[in-house]
Amino acid sequence: RGFDGPSMFGHPKGLMTLFFTEMWERFSYYGMRALLILFMTTAVIDGGLGFDDKTSGAIYGLYTMGVYLLALPGGWLADRLLGLKKSVWYGGIIIALGHFTMGLPGIISLMDGAHETKSALNSLDTTSFFLGLILIVVGTGLLKPNISSIVGQLYHEGSSKRDAGFSIFYMGINIGGFIAPIICSTFAEIDWHLGFGAAGFGMVLGLIQYKLTSGTLKGKGELADADSAEEIAHRRRLRLFTFLTVIVLAFTLFLMFQGVIVINAAAIAEASYKVIGVVAAAFFIYILVFGGLNKDEKKKVVVIAILLCFGALFWSGFEQAGSTLNLFAERFTDRHLMGWEIPAGYFQSANSMFIVIFAPVFAALWVWLAKRHLEPSSPIKFAFGLLLLGVGFMVMYFAAKVAVSGDLAAPAWLMFTYLFHTFGELSLSPVGLSLTTKLAPKKFQGQMMGMWFLSVALGNLVAGIIAGEASGETKEAVAEMPDQYMMIVMVSVGAGLLLMLITKPIRKLMGNVR
Ligand code: GLN
């Protein structure tokens, strides 16, 4: 059967619990993300934060980067101290608190009637906004990697059911990602804070569901009890270390909110991507030189490093969905529909909607091709992902031309862009994840998975930085948009073609992995 315990539709019952928990967690993540850059760039007088594009893009990039970056300590903490199951629980609670913190000024201004001045509310908004973002980053780092690990643990080692289980789980992710932007954007039309609150409410539903049905996990994801005095002492030290880290970070935050430490988001974003690049390069060099790997393993690690570079490039285009393209929907897209203006955030549902529709089609396509011995190799699928990303931005090039002419672009432009980007995601993302696991040397499995998250984090950061420049903030900036999109087309198509060219040597390095 491929798993133990009670089953449901041929899969472990615990999958249902995790499916809905992740669905609601993604609901909260994508619901809030649909509002994020719009809230930051909206003028204070209209209830937004009134940041310029550069700052907003940098904060978007740092936040979405942080969410994936904290998956590294999140996974570490679960393995050593909390166990997976508890990490998901506490992670979810912190996430919900984060969203509610962002929503809080809404309640305060409601209770206070119209007494608060706009500027007092704005300063409250800014503080609660950053505090909320930080909580969500921490909570997601604790929840996201670990819930996926429990899914893996539900199945026996090497069970063929496991891949199908992950596909079902991915559906949960995208059902959440589909409904959330519509619901949260609708509430945000009334008041931004209601939108944030709706995101938090979703996470609470997920937590209730998780608690009520966690029996189905049958002890999976539980940390083994410490069985030796040495282990007990070790865990005590870890607990102390974690506690002190939290205290130091909280104190730093306190100084930041007091204005003692002044931060410049754009400068931090710029510095971050250089730091991440250097750290990743150093890590791979270290593993290759001092990792004690044999020749075959070394070759495979080189392949992972190459693919992750292309992966980061892909995400830096793809994740502009929530930044550059979200602003394009808001500023340059004709959203009138029968006397009503569709909220820009609704477009954020497109990717998830297309995934739900086309994931089964793609799965069937690969099987169909495989039967005819035509299934493309993993690096080729990766290259397709990049080419499709480029095609999507080509569509945006034409949409930007419309904007330059002074008209509003038809919604179809954005929808086609998201469609191509979804095809790219379906081609690249599952391959990237499974290839990383297959190519990683046994003793570096966890770390290599971490490197995959790092490449996603890097991509998200760059997606924010680009948005700061390419979202047509001023009249002059609008005129530059077509060229900026064309630049992205050239980079992604160029990278895709390059990868195709070097597929042969890459496959040689991959050895027995296909
Ligand atoms: N949409 C997917 C999720 O939220 C994958 C995103 C990614 O890997 N960048 O889980």
# chains A, B, ... in the order shown; residues from 1 in each chain; ligands from 1
$ residues_around --residues "region 342-357 of chain A" --least-positions-apart "3" --cutoff "10 Å" --atoms "only C-alpha atoms" --output "PDB file with N, CA and C atoms, in the first residue's frame"
ATOM      1  N   TYR A  30      -1.090  34.074   0.358  1.00  0.00           N
ATOM      2  CA  TYR A  30      -1.377  34.710  -0.933  1.00  0.00           C
ATOM      3  C   TYR A  30      -2.465  35.773  -0.832  1.00  0.00           C
ATOM      4  N   GLY A  31      -3.358  35.627   0.154  1.00  0.00           N
ATOM      5  CA  GLY A  31      -4.367  36.657   0.352  1.00  0.00           C
ATOM      6  C   GLY A  31      -3.714  37.970   0.760  1.00  0.00           C
ATOM      7  N   MET A  32      -2.785  37.882   1.696  1.00  0.00           N
ATOM      8  CA  MET A  32      -2.102  39.088   2.142  1.00  0.00           C
ATOM      9  C   MET A  32      -1.146  39.596   1.052  1.00  0.00           C
ATOM     10  N   ARG A  33      -0.455  38.666   0.374  1.00  0.00           N
ATOM     11  CA  ARG A  33       0.507  39.094  -0.640  1.00  0.00           C
ATOM     12  C   ARG A  33      -0.169  39.861  -1.785  1.00  0.00           C
ATOM     13  N   ALA A  34      -1.440  39.520  -2.042  1.00  0.00           N
ATOM     14  CA  ALA A  34      -2.162  40.227  -3.100  1.00  0.00           C
ATOM     15  C   ALA A  34      -2.333  41.707  -2.741  1.00  0.00           C
ATOM     16  N   LEU A  35      -2.363  42.003  -1.442  1.00  0.00           N
ATOM     17  CA  LEU A  35      -2.574  43.385  -1.000  1.00  0.00           C
ATOM     18  C   LEU A  35      -1.263  44.115  -0.745  1.00  0.00           C
ATOM     19  N   LEU A  36      -0.214  43.337  -0.493  1.00  0.00           N
ATOM     20  CA  LEU A  36       1.024  43.873   0.065  1.00  0.00           C
ATOM     21  C   LEU A  36       1.573  45.098  -0.678  1.00  0.00           C
ATOM     22  N   LEU A  38       0.314  46.814  -3.094  1.00  0.00           N
ATOM     23  CA  LEU A  38      -0.690  47.845  -3.359  1.00  0.00           C
ATOM     24  C   LEU A  38      -0.874  48.723  -2.118  1.00  0.00           C
ATOM     25  N   TYR A 170      -0.072  19.724  -3.483  1.00  0.00           N
ATOM     26  CA  TYR A 170       0.149  20.930  -4.287  1.00  0.00           C
ATOM     27  C   TYR A 170      -1.189  21.539  -4.722  1.00  0.00           C
ATOM     28  N   MET A 171      -2.191  20.671  -4.901  1.00  0.00           N
ATOM     29  CA  MET A 171      -3.538  21.165  -5.227  1.00  0.00           C
ATOM     30  C   MET A 171      -4.069  21.994  -4.057  1.00  0.00           C
ATOM     31  N   GLY A 172      -3.850  21.490  -2.844  1.00  0.00           N
ATOM     32  CA  GLY A 172      -4.305  22.221  -1.659  1.00  0.00           C
ATOM     33  C   GLY A 172      -3.695  23.613  -1.626  1.00  0.00           C
ATOM     34  N   ILE A 173      -2.383  23.672  -1.886  1.00  0.00           N
ATOM     35  CA  ILE A 173      -1.673  24.945  -1.938  1.00  0.00           C
ATOM     36  C   ILE A 173      -2.386  25.909  -2.878  1.00  0.00           C
ATOM     37  N   ASN A 174      -2.725  25.408  -4.055  1.00  0.00           N
ATOM     38  CA  ASN A 174      -3.247  26.308  -5.081  1.00  0.00           C
ATOM     39  C   ASN A 174      -4.727  26.596  -4.949  1.00  0.00           C
ATOM     40  N   ILE A 175      -5.468  25.720  -4.279  1.00  0.00           N
ATOM     41  CA  ILE A 175      -6.862  26.077  -3.998  1.00  0.00           C
ATOM     42  C   ILE A 175      -6.854  27.260  -3.024  1.00  0.00           C
ATOM     43  N   GLY A 176      -5.983  27.181  -2.025  1.00  0.00           N
ATOM     44  CA  GLY A 176      -5.835  28.317  -1.106  1.00  0.00           C
ATOM     45  C   GLY A 176      -5.394  29.564  -1.856  1.00  0.00           C
ATOM     46  N   GLY A 177      -4.410  29.402  -2.728  1.00  0.00           N
ATOM     47  CA  GLY A 177      -3.875  30.536  -3.486  1.00  0.00           C
ATOM     48  C   GLY A 177      -4.875  31.109  -4.473  1.00  0.00           C
ATOM     49  N   PHE A 178      -5.857  30.320  -4.846  1.00  0.00           N
ATOM     50  CA  PHE A 178      -6.876  30.776  -5.801  1.00  0.00           C
ATOM     51  C   PHE A 178      -7.955  31.604  -5.116  1.00  0.00           C
ATOM     52  N   ILE A 179      -8.504  31.082  -4.014  1.00  0.00           N
ATOM     53  CA  ILE A 179      -9.638  31.805  -3.413  1.00  0.00           C
ATOM     54  C   ILE A 179      -9.196  33.023  -2.598  1.00  0.00           C
ATOM     55  N   ALA A 180      -7.988  32.951  -2.015  1.00  0.00           N
ATOM     56  CA  ALA A 180      -7.589  34.001  -1.080  1.00  0.00           C
ATOM     57  C   ALA A 180      -7.541  35.412  -1.681  1.00  0.00           C
ATOM     58  N   PRO A 181      -6.858  35.610  -2.828  1.00  0.00           N
ATOM     59  CA  PRO A 181      -6.779  36.985  -3.339  1.00  0.00           C
ATOM     60  C   PRO A 181      -8.149  37.585  -3.606  1.00  0.00           C
ATOM     61  N   ILE A 182      -9.107  36.747  -4.030  1.00  0.00           N
ATOM     62  CA  ILE A 182     -10.444  37.269  -4.321  1.00  0.00           C
ATOM     63  C   ILE A 182     -11.114  37.714  -3.015  1.00  0.00           C
ATOM     64  N   ILE A 183     -11.062  36.849  -2.009  1.00  0.00           N
ATOM     65  CA  ILE A 183     -11.726  37.188  -0.742  1.00  0.00           C
ATOM     66  C   ILE A 183     -11.033  38.378  -0.051  1.00  0.00           C
ATOM     67  N   CYS A 184      -9.711  38.292   0.059  1.00  0.00           N
ATOM     68  CA  CYS A 184      -9.009  39.357   0.792  1.00  0.00           C
ATOM     69  C   CYS A 184      -9.068  40.695   0.045  1.00  0.00           C
ATOM     70  N   SER A 185      -8.974  40.672  -1.284  1.00  0.00           N
ATOM     71  CA  SER A 185      -9.056  41.936  -2.026  1.00  0.00           C
ATOM     72  C   SER A 185     -10.439  42.549  -1.892  1.00  0.00           C
ATOM     73  N   THR A 186     -11.459  41.698  -1.832  1.00  0.00           N
ATOM     74  CA  THR A 186     -12.818  42.221  -1.698  1.00  0.00           C
ATOM     75  C   THR A 186     -12.965  42.942  -0.350  1.00  0.00           C
ATOM     76  N   ALA A 188     -10.529  44.168   1.359  1.00  0.00           N
ATOM     77  CA  ALA A 188      -9.617  45.317   1.368  1.00  0.00           C
ATOM     78  C   ALA A 188     -10.227  46.531   0.675  1.00  0.00           C
ATOM     79  N   GLU A 189     -11.205  46.297  -0.204  1.00  0.00           N
ATOM     80  CA  GLU A 189     -11.890  47.409  -0.847  1.00  0.00           C
ATOM     81  C   GLU A 189     -12.613  48.260   0.205  1.00  0.00           C
ATOM     82  N   ALA A 321       4.900  38.324 -10.120  1.00  0.00           N
ATOM     83  CA  ALA A 321       3.435  38.282 -10.117  1.00  0.00           C
ATOM     84  C   ALA A 321       2.880  39.192  -9.025  1.00  0.00           C
ATOM     85  N   GLY A 322       3.439  39.055  -7.822  1.00  0.00           N
ATOM     86  CA  GLY A 322       2.909  39.835  -6.702  1.00  0.00           C
ATOM     87  C   GLY A 322       3.450  41.249  -6.626  1.00  0.00           C
ATOM     88  N   LEU A 325       3.793  42.906 -11.647  1.00  0.00           N
ATOM     89  CA  LEU A 325       2.568  42.629 -12.404  1.00  0.00           C
ATOM     90  C   LEU A 325       1.326  43.032 -11.617  1.00  0.00           C
ATOM     91  N   ASN A 326       1.398  42.935 -10.302  1.00  0.00           N
ATOM     92  CA  ASN A 326       0.295  43.387  -9.458  1.00  0.00           C
ATOM     93  C   ASN A 326       0.101  44.900  -9.631  1.00  0.00           C
ATOM     94  N   LEU A 327       1.217  45.629  -9.679  1.00  0.00           N
ATOM     95  CA  LEU A 327       1.128  47.077  -9.890  1.00  0.00           C
ATOM     96  C   LEU A 327       0.652  47.388 -11.311  1.00  0.00           C
ATOM     97  N   PHE A 328       1.029  46.532 -12.265  1.00  0.00           N
ATOM     98  CA  PHE A 328       0.547  46.749 -13.633  1.00  0.00           C
ATOM     99  C   PHE A 328      -0.974  46.598 -13.683  1.00  0.00           C
ATOM    100  N   ALA A 329      -1.485  45.620 -12.937  1.00  0.00           N
ATOM    101  CA  ALA A 329      -2.947  45.435 -12.881  1.00  0.00           C
ATOM    102  C   ALA A 329      -3.607  46.675 -12.293  1.00  0.00           C
ATOM    103  N   GLU A 330      -2.992  47.211 -11.256  1.00  0.00           N
ATOM    104  CA  GLU A 330      -3.567  48.364 -10.561  1.00  0.00           C
ATOM    105  C   GLU A 330      -3.512  49.643 -11.413  1.00  0.00           C
ATOM    106  N   ARG A 331      -2.352  49.849 -12.075  1.00  0.00           N
ATOM    107  CA  ARG A 331      -2.137  51.143 -12.726  1.00  0.00           C
ATOM    108  C   ARG A 331      -2.512  51.192 -14.205  1.00  0.00           C
ATOM    109  N   THR A 333      -4.184  48.493 -16.158  1.00  0.00           N
ATOM    110  CA  THR A 333      -5.102  47.500 -16.728  1.00  0.00           C
ATOM    111  C   THR A 333      -6.541  47.993 -16.618  1.00  0.00           C
ATOM    112  N   ASP A 334      -7.270  47.778 -17.693  1.00  0.00           N
ATOM    113  CA  ASP A 334      -8.671  48.181 -17.717  1.00  0.00           C
ATOM    114  C   ASP A 334      -9.486  47.162 -16.923  1.00  0.00           C
ATOM    115  N   ARG A 335      -9.885  47.568 -15.731  1.00  0.00           N
ATOM    116  CA  ARG A 335     -10.559  46.615 -14.843  1.00  0.00           C
ATOM    117  C   ARG A 335     -12.063  46.882 -14.753  1.00  0.00           C
ATOM    118  N   HIS A 336     -12.586  47.658 -15.704  1.00  0.00           N
ATOM    119  CA  HIS A 336     -14.028  47.941 -15.644  1.00  0.00           C
ATOM    120  C   HIS A 336     -14.830  46.771 -16.178  1.00  0.00           C
ATOM    121  N   LEU A 337     -15.827  46.419 -15.416  1.00  0.00           N
ATOM    122  CA  LEU A 337     -16.679  45.311 -15.837  1.00  0.00           C
ATOM    123  C   LEU A 337     -18.107  45.655 -15.425  1.00  0.00           C
ATOM    124  N   MET A 338     -18.928  45.921 -16.393  1.00  0.00           N
ATOM    125  CA  MET A 338     -20.340  46.212 -16.152  1.00  0.00           C
ATOM    126  C   MET A 338     -20.536  47.189 -14.991  1.00  0.00           C
ATOM    127  N   GLY A 339     -19.908  48.347 -15.112  1.00  0.00           N
ATOM    128  CA  GLY A 339     -20.113  49.397 -14.114  1.00  0.00           C
ATOM    129  C   GLY A 339     -19.392  49.158 -12.790  1.00  0.00           C
ATOM    130  N   PRO A 360      -3.013  18.565 -13.823  1.00  0.00           N
ATOM    131  CA  PRO A 360      -3.313  17.200 -14.297  1.00  0.00           C
ATOM    132  C   PRO A 360      -2.967  17.030 -15.786  1.00  0.00           C
ATOM    133  N   VAL A 361      -3.199  18.090 -16.576  1.00  0.00           N
ATOM    134  CA  VAL A 361      -2.904  18.006 -18.007  1.00  0.00           C
ATOM    135  C   VAL A 361      -1.403  17.777 -18.223  1.00  0.00           C
ATOM    136  N   PHE A 362      -0.593  18.544 -17.471  1.00  0.00           N
ATOM    137  CA  PHE A 362       0.861  18.384 -17.616  1.00  0.00           C
ATOM    138  C   PHE A 362       1.306  16.990 -17.183  1.00  0.00           C
ATOM    139  N   PRO A 411      -7.416  43.174 -19.851  1.00  0.00           N
ATOM    140  CA  PRO A 411      -7.009  42.183 -18.844  1.00  0.00           C
ATOM    141  C   PRO A 411      -6.394  40.928 -19.467  1.00  0.00           C
ATOM    142  N   LEU A 414      -2.514  40.401 -19.153  1.00  0.00           N
ATOM    143  CA  LEU A 414      -2.005  39.832 -17.898  1.00  0.00           C
ATOM    144  C   LEU A 414      -2.361  38.354 -17.766  1.00  0.00           C
ATOM    145  N   MET A 415      -3.581  38.026 -18.164  1.00  0.00           N
ATOM    146  CA  MET A 415      -4.014  36.634 -18.019  1.00  0.00           C
ATOM    147  C   MET A 415      -3.144  35.702 -18.860  1.00  0.00           C
ATOM    148  N   PHE A 416      -2.811  36.135 -20.071  1.00  0.00           N
ATOM    149  CA  PHE A 416      -1.945  35.288 -20.901  1.00  0.00           C
ATOM    150  C   PHE A 416      -0.532  35.194 -20.305  1.00  0.00           C
ATOM    151  N   THR A 417      -0.063  36.296 -19.764  1.00  0.00           N
ATOM    152  CA  THR A 417       1.252  36.247 -19.110  1.00  0.00           C
ATOM    153  C   THR A 417       1.237  35.206 -17.986  1.00  0.00           C
ATOM    154  N   TYR A 418       0.194  35.283 -17.137  1.00  0.00           N
ATOM    155  CA  TYR A 418       0.111  34.320 -16.030  1.00  0.00           C
ATOM    156  C   TYR A 418      -0.024  32.885 -16.541  1.00  0.00           C
ATOM    157  N   LEU A 419      -0.730  32.730 -17.669  1.00  0.00           N
ATOM    158  CA  LEU A 419      -0.892  31.383 -18.223  1.00  0.00           C
ATOM    159  C   LEU A 419       0.477  30.816 -18.621  1.00  0.00           C
ATOM    160  N   PHE A 420       1.253  31.616 -19.356  1.00  0.00           N
ATOM    161  CA  PHE A 420       2.579  31.139 -19.773  1.00  0.00           C
ATOM    162  C   PHE A 420       3.485  30.905 -18.558  1.00  0.00           C
ATOM    163  N   HIS A 421       3.391  31.801 -17.597  1.00  0.00           N
ATOM    164  CA  HIS A 421       4.221  31.628 -16.401  1.00  0.00           C
ATOM    165  C   HIS A 421       3.824  30.358 -15.634  1.00  0.00           C
ATOM    166  N   THR A 422       2.524  30.052 -15.634  1.00  0.00           N
ATOM    167  CA  THR A 422       2.078  28.828 -14.970  1.00  0.00           C
ATOM    168  C   THR A 422       2.632  27.600 -15.690  1.00  0.00           C
ATOM    169  N   PHE A 423       2.582  27.633 -17.030  1.00  0.00           N
ATOM    170  CA  PHE A 423       3.161  26.515 -17.786  1.00  0.00           C
ATOM    171  C   PHE A 423       4.643  26.376 -17.437  1.00  0.00           C
ATOM    172  N   GLU A 425       6.066  27.246 -14.611  1.00  0.00           N
ATOM    173  CA  GLU A 425       6.159  26.695 -13.256  1.00  0.00           C
ATOM    174  C   GLU A 425       5.936  25.185 -13.276  1.00  0.00           C
ATOM    175  N   LEU A 426       4.927  24.741 -14.048  1.00  0.00           N
ATOM    176  CA  LEU A 426       4.617  23.309 -14.097  1.00  0.00           C
ATOM    177  C   LEU A 426       5.744  22.508 -14.729  1.00  0.00           C
TER     178      LEU A 426
END
$ residues_near_ligand --ligand "ligand 1" --cutoff "10 Å" --atoms "only C-alpha atoms and all ligand atoms" --output "JSON, numbers by chain"
{"A": [22, 23, 25, 26, 27, 29, 30, 64, 65, 68, 144, 145, 148, 169, 170, 171, 172, 173, 174, 176, 177, 311, 312, 314, 315, 316, 318, 319, 351, 352, 355, 422, 425, 429, 430, 432, 433, 452, 453, 455, 456, 457, 459, 460]}
$ closest_residue --among "A:Ser149, A:Ser492, A:Gly57, A:Phe251" --to "Ala470 (chain A)" --atoms "only C-alpha atoms"
A:Gly57
$ select_by_dssp --residues "region 135-369 of chain A" --states "helix (DSSP H, G or I)" --output "MDAnalysis selection string"
chainID A and resid 135:153 161:190 192:217 229:257 265:290 295:322 324:332 344:369
$ residues_around --residues "region 495-509 of chain A" --least-positions-apart "4" --cutoff "7 Å" --atoms "only C-alpha atoms" --output "PDB file with C-alpha atoms, in the first residue's frame"
ATOM      1  CA  LYS A 299      29.636  15.866 -10.393  1.00  0.00           C
ATOM      2  CA  LYS A 300      26.055  15.711  -9.172  1.00  0.00           C
ATOM      3  CA  VAL A 303      24.713  19.951 -11.483  1.00  0.00           C
ATOM      4  CA  PRO A 379      17.408  19.931 -17.686  1.00  0.00           C
ATOM      5  CA  ILE A 380      15.325  20.365 -20.832  1.00  0.00           C
ATOM      6  CA  ALA A 383      14.976  25.201 -19.946  1.00  0.00           C
ATOM      7  CA  PHE A 384      11.334  25.091 -21.107  1.00  0.00           C
ATOM      8  CA  LEU A 386      12.738  29.676 -18.612  1.00  0.00           C
ATOM      9  CA  LEU A 387      11.594  29.979 -22.227  1.00  0.00           C
ATOM     10  CA  VAL A 491      17.580  37.323 -20.077  1.00  0.00           C
TER      11      VAL A 491
END
$ closest_residue --among "A:Ile147, A:Ile107, A:Met40, A:Leu81" --to "Leu223 (chain A)" --atoms "only C-alpha atoms"
A:Leu81
$ atom_distance --atom1 "CA of Ile136 (chain A)" --atom2 "CA of Leu97 (chain A)"
7.9 Å
$ closest_residue --among "A:Thr242, A:Thr127, A:Leu458, A:Glu480" --to "Val275 (chain A)" --atoms "only C-alpha atoms"
A:Leu458
$ residues_around --residues "region 261-263 of chain A" --least-positions-apart "3" --cutoff "12 Å" --atoms "only C-alpha atoms" --output "NGL selection string"
:A and (55 or 58-59 or 251-258 or 266-269)
$ residues_around --residues "Lys211 (chain A)" --least-positions-apart "2" --cutoff "12 Å" --atoms "only C-alpha atoms" --output "list in words"
Thr17, Leu18, Phe20, Thr21, Lys85, Lys86, Val88, Trp89, Tyr90, Gly92, Ile93, Val204, Leu205, Gly206, Leu207, Ile208, Gln209, Thr213, Ser214, Gly215, Thr216 and Leu217 of chain A
$ write_last_selection --atoms "C-alpha atoms" --output "tab-separated table (two decimals), in the first residue's frame"
chain	number	residue	atom	x	y	z
A	17	THR	CA	-5.28	17.02	7.58
A	18	LEU	CA	-2.10	18.42	6.02
A	20	PHE	CA	-6.35	21.59	4.54
A	21	THR	CA	-3.80	23.07	6.93
A	85	LYS	CA	4.13	18.45	14.11
A	86	LYS	CA	4.60	21.06	16.82
A	88	VAL	CA	3.55	23.43	12.12
A	89	TRP	CA	1.26	24.25	15.04
A	90	TYR	CA	3.37	27.05	16.50
A	92	GLY	CA	0.55	28.64	12.22
A	93	ILE	CA	-0.17	30.50	15.44
A	204	VAL	CA	-7.12	30.28	12.28
A	205	LEU	CA	-9.53	27.98	10.43
A	206	GLY	CA	-6.50	25.97	9.33
A	207	LEU	CA	-5.25	25.73	12.90
A	208	ILE	CA	-8.62	24.58	14.25
A	209	GLN	CA	-8.81	21.95	11.55
A	213	THR	CA	-7.89	16.12	13.06
A	214	SER	CA	-4.24	15.77	14.09
A	215	GLY	CA	-5.02	12.27	15.38
A	216	THR	CA	-4.90	11.11	11.75
A	217	LEU	CA	-1.17	11.76	11.72
$ atom_distance --atom1 "CA of Tyr60 (chain A)" --atom2 "CA of Ala467 (chain A)"
8.9 Å
$ select_by_dssp --residues "region 119-350 of chain A" --states "strand (DSSP E or B)" --output "MDAnalysis selection string"
chainID A and resid 155 333 336:337 340:341
$ atom_distance --atom1 "CA of Tyr155 (chain A)" --atom2 "CA of Phe444 (chain A)"
21.3 Å
$ residues_around --residues "Met448 (chain A)" --least-positions-apart "5" --cutoff "8 Å" --atoms "only C-alpha atoms" --output "PyMOL selection string"
chain A and resi 436-437+440
$ write_last_selection --atoms "C-alpha atoms" --output "short mmCIF file (atom, residue, chain, number, x, y, z; two decimals), in the first residue's frame"
data_model
loop_
_atom_site.label_atom_id
_atom_site.label_comp_id
_atom_site.auth_asym_id
_atom_site.auth_seq_id
_atom_site.Cartn_x
_atom_site.Cartn_y
_atom_site.Cartn_z
CA THR A 436 17.65 18.26 -6.00
CA THR A 437 16.68 15.32 -3.77
CA ALA A 440 22.07 15.32 -3.44
#
$ closest_residue --among "A:His156, A:Lys274, A:Lys298, A:His11" --to "Pro441 (chain A)" --atoms "only C-alpha atoms"
A:Lys298
